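These notes concern the structure reproduced below.
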Amino acid sequence: MRGGRVLLVEDDVLVRLLAVEALVDDGFDVAEAADGPEALRLLDGSEFDLMITDVGLPGMSGAELAVQVRRERPALKVLFTTGYGVEDGVPADLPTLRKPYAAAALASTVRSLLATGG
């Protein structure tokens, strides 16, 4: 499956830019946020197929963001990214992509999640 609307939540500017580039190059429509509150603003009134969020965001963690978003939008698929080990609060039923990841691995994971219902 090519395409789909993705919300990328990543506080590291360089990682965010590289991830956006990889996803856009693979045919996805990408909106980006640097933190949880910004992501919530983008989600308000917009439709997304998938949210990719870093676990270690400042303030509101990616896990807290996902829990809140899934309460309001249970059908929204979520992919976590992290450079750390197992994180407290990360729902066990949600997939995680370890950093550093290759652009091709990110795009492939997103395609797979959207195709299979992730």
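The chains in the structure tokens are called A, B, ... from first to last as shown; in each chain the residues are counted from 1, and the ligands are counted from 1 in the order shown.
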Item to check | Polymer residues at most 9 Å from range 48-56 of chain A, only C-alpha atoms, same-chain spacing of 5 or more positions, as a ChimeraX atom specification | outcome: /A:4-11,35-36,43,61-66,75-84,87,90,110,113-114
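Atom pair CA of Ala33 in chain A / CA of Arg16 in chain A: separated by 8.7 Å.
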Checklist entry - Please, which residues of range 6-111 of chain A, numbered as in this document, come out helix (DSSP H, G or I) from DSSP, as a ChimeraX atom specification? => result /A:13-25,36-43,62-72,103-111
Create the file for the chosen residues now, containing C-alpha atoms and written as a tab-separated table (two decimals), in the first residue's frame.
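Final output, result32.tsv:
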```
chain	number	residue	atom	x	y	z
A	13	VAL	CA	14.75	18.16	14.54
A	14	LEU	CA	17.27	16.18	12.47
A	15	VAL	CA	15.54	12.84	13.09
A	16	ARG	CA	12.19	14.46	12.29
A	17	LEU	CA	13.46	15.95	9.00
A	18	LEU	CA	15.00	12.67	7.88
A	19	ALA	CA	11.87	10.70	8.80
A	20	VAL	CA	9.58	13.15	7.00
A	21	GLU	CA	11.78	12.98	3.91
A	22	ALA	CA	11.74	9.16	3.93
A	23	LEU	CA	7.97	9.02	4.31
A	24	VAL	CA	7.22	11.69	1.70
A	25	ASP	CA	9.61	9.98	-0.74
A	36	GLY	CA	2.55	16.03	22.44
A	37	PRO	CA	0.57	19.27	22.72
A	38	GLU	CA	1.43	20.21	19.14
A	39	ALA	CA	0.38	16.72	18.00
A	40	LEU	CA	-2.95	17.05	19.81
A	41	ARG	CA	-3.57	20.39	18.05
A	42	LEU	CA	-2.86	18.78	14.66
A	43	LEU	CA	-5.14	15.84	15.48
A	62	GLY	CA	4.92	9.48	23.63
A	63	ALA	CA	3.23	6.79	25.74
A	64	GLU	CA	1.02	9.38	27.46
A	65	LEU	CA	0.20	10.92	24.08
A	66	ALA	CA	-0.75	7.54	22.61
A	67	VAL	CA	-2.99	6.64	25.56
A	68	GLN	CA	-4.83	9.96	25.28
A	69	VAL	CA	-5.16	9.76	21.49
A	70	ARG	CA	-6.38	6.16	21.55
A	71	ARG	CA	-9.13	7.11	24.02
A	72	GLU	CA	-10.46	9.63	21.51
A	103	ALA	CA	14.74	5.35	6.13
A	104	ALA	CA	13.77	2.21	4.24
A	105	ALA	CA	12.93	0.41	7.50
A	106	LEU	CA	10.67	3.27	8.60
A	107	ALA	CA	8.82	3.37	5.28
A	108	SER	CA	8.50	-0.41	5.17
A	109	THR	CA	7.15	-0.56	8.73
A	110	VAL	CA	4.60	2.16	8.00
A	111	ARG	CA	3.47	0.43	4.78
```
Item to check | Picked from chain A by DSSP as strand (DSSP E), as a VMD selection string | outcome: chain A and resid 5 to 9 29 to 33 50 to 54 77 to 82 96 to 98
Next on the checklist: For a quick check of understanding, using only C-alpha atoms, which of A:Gly27, A:Asp44, A:Ala92, A:Asp12 has the smallest distance to Leu57 in chain A?
Outcome noted: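 Under the stated criterion, the closest residue is A:Asp12.
Distances to Gly3 in chain A were evaluated for A:Glu47, A:Lys99, A:Pro58, A:Phe28 using only C-alpha atoms, and the minimum falls at A:Phe28.
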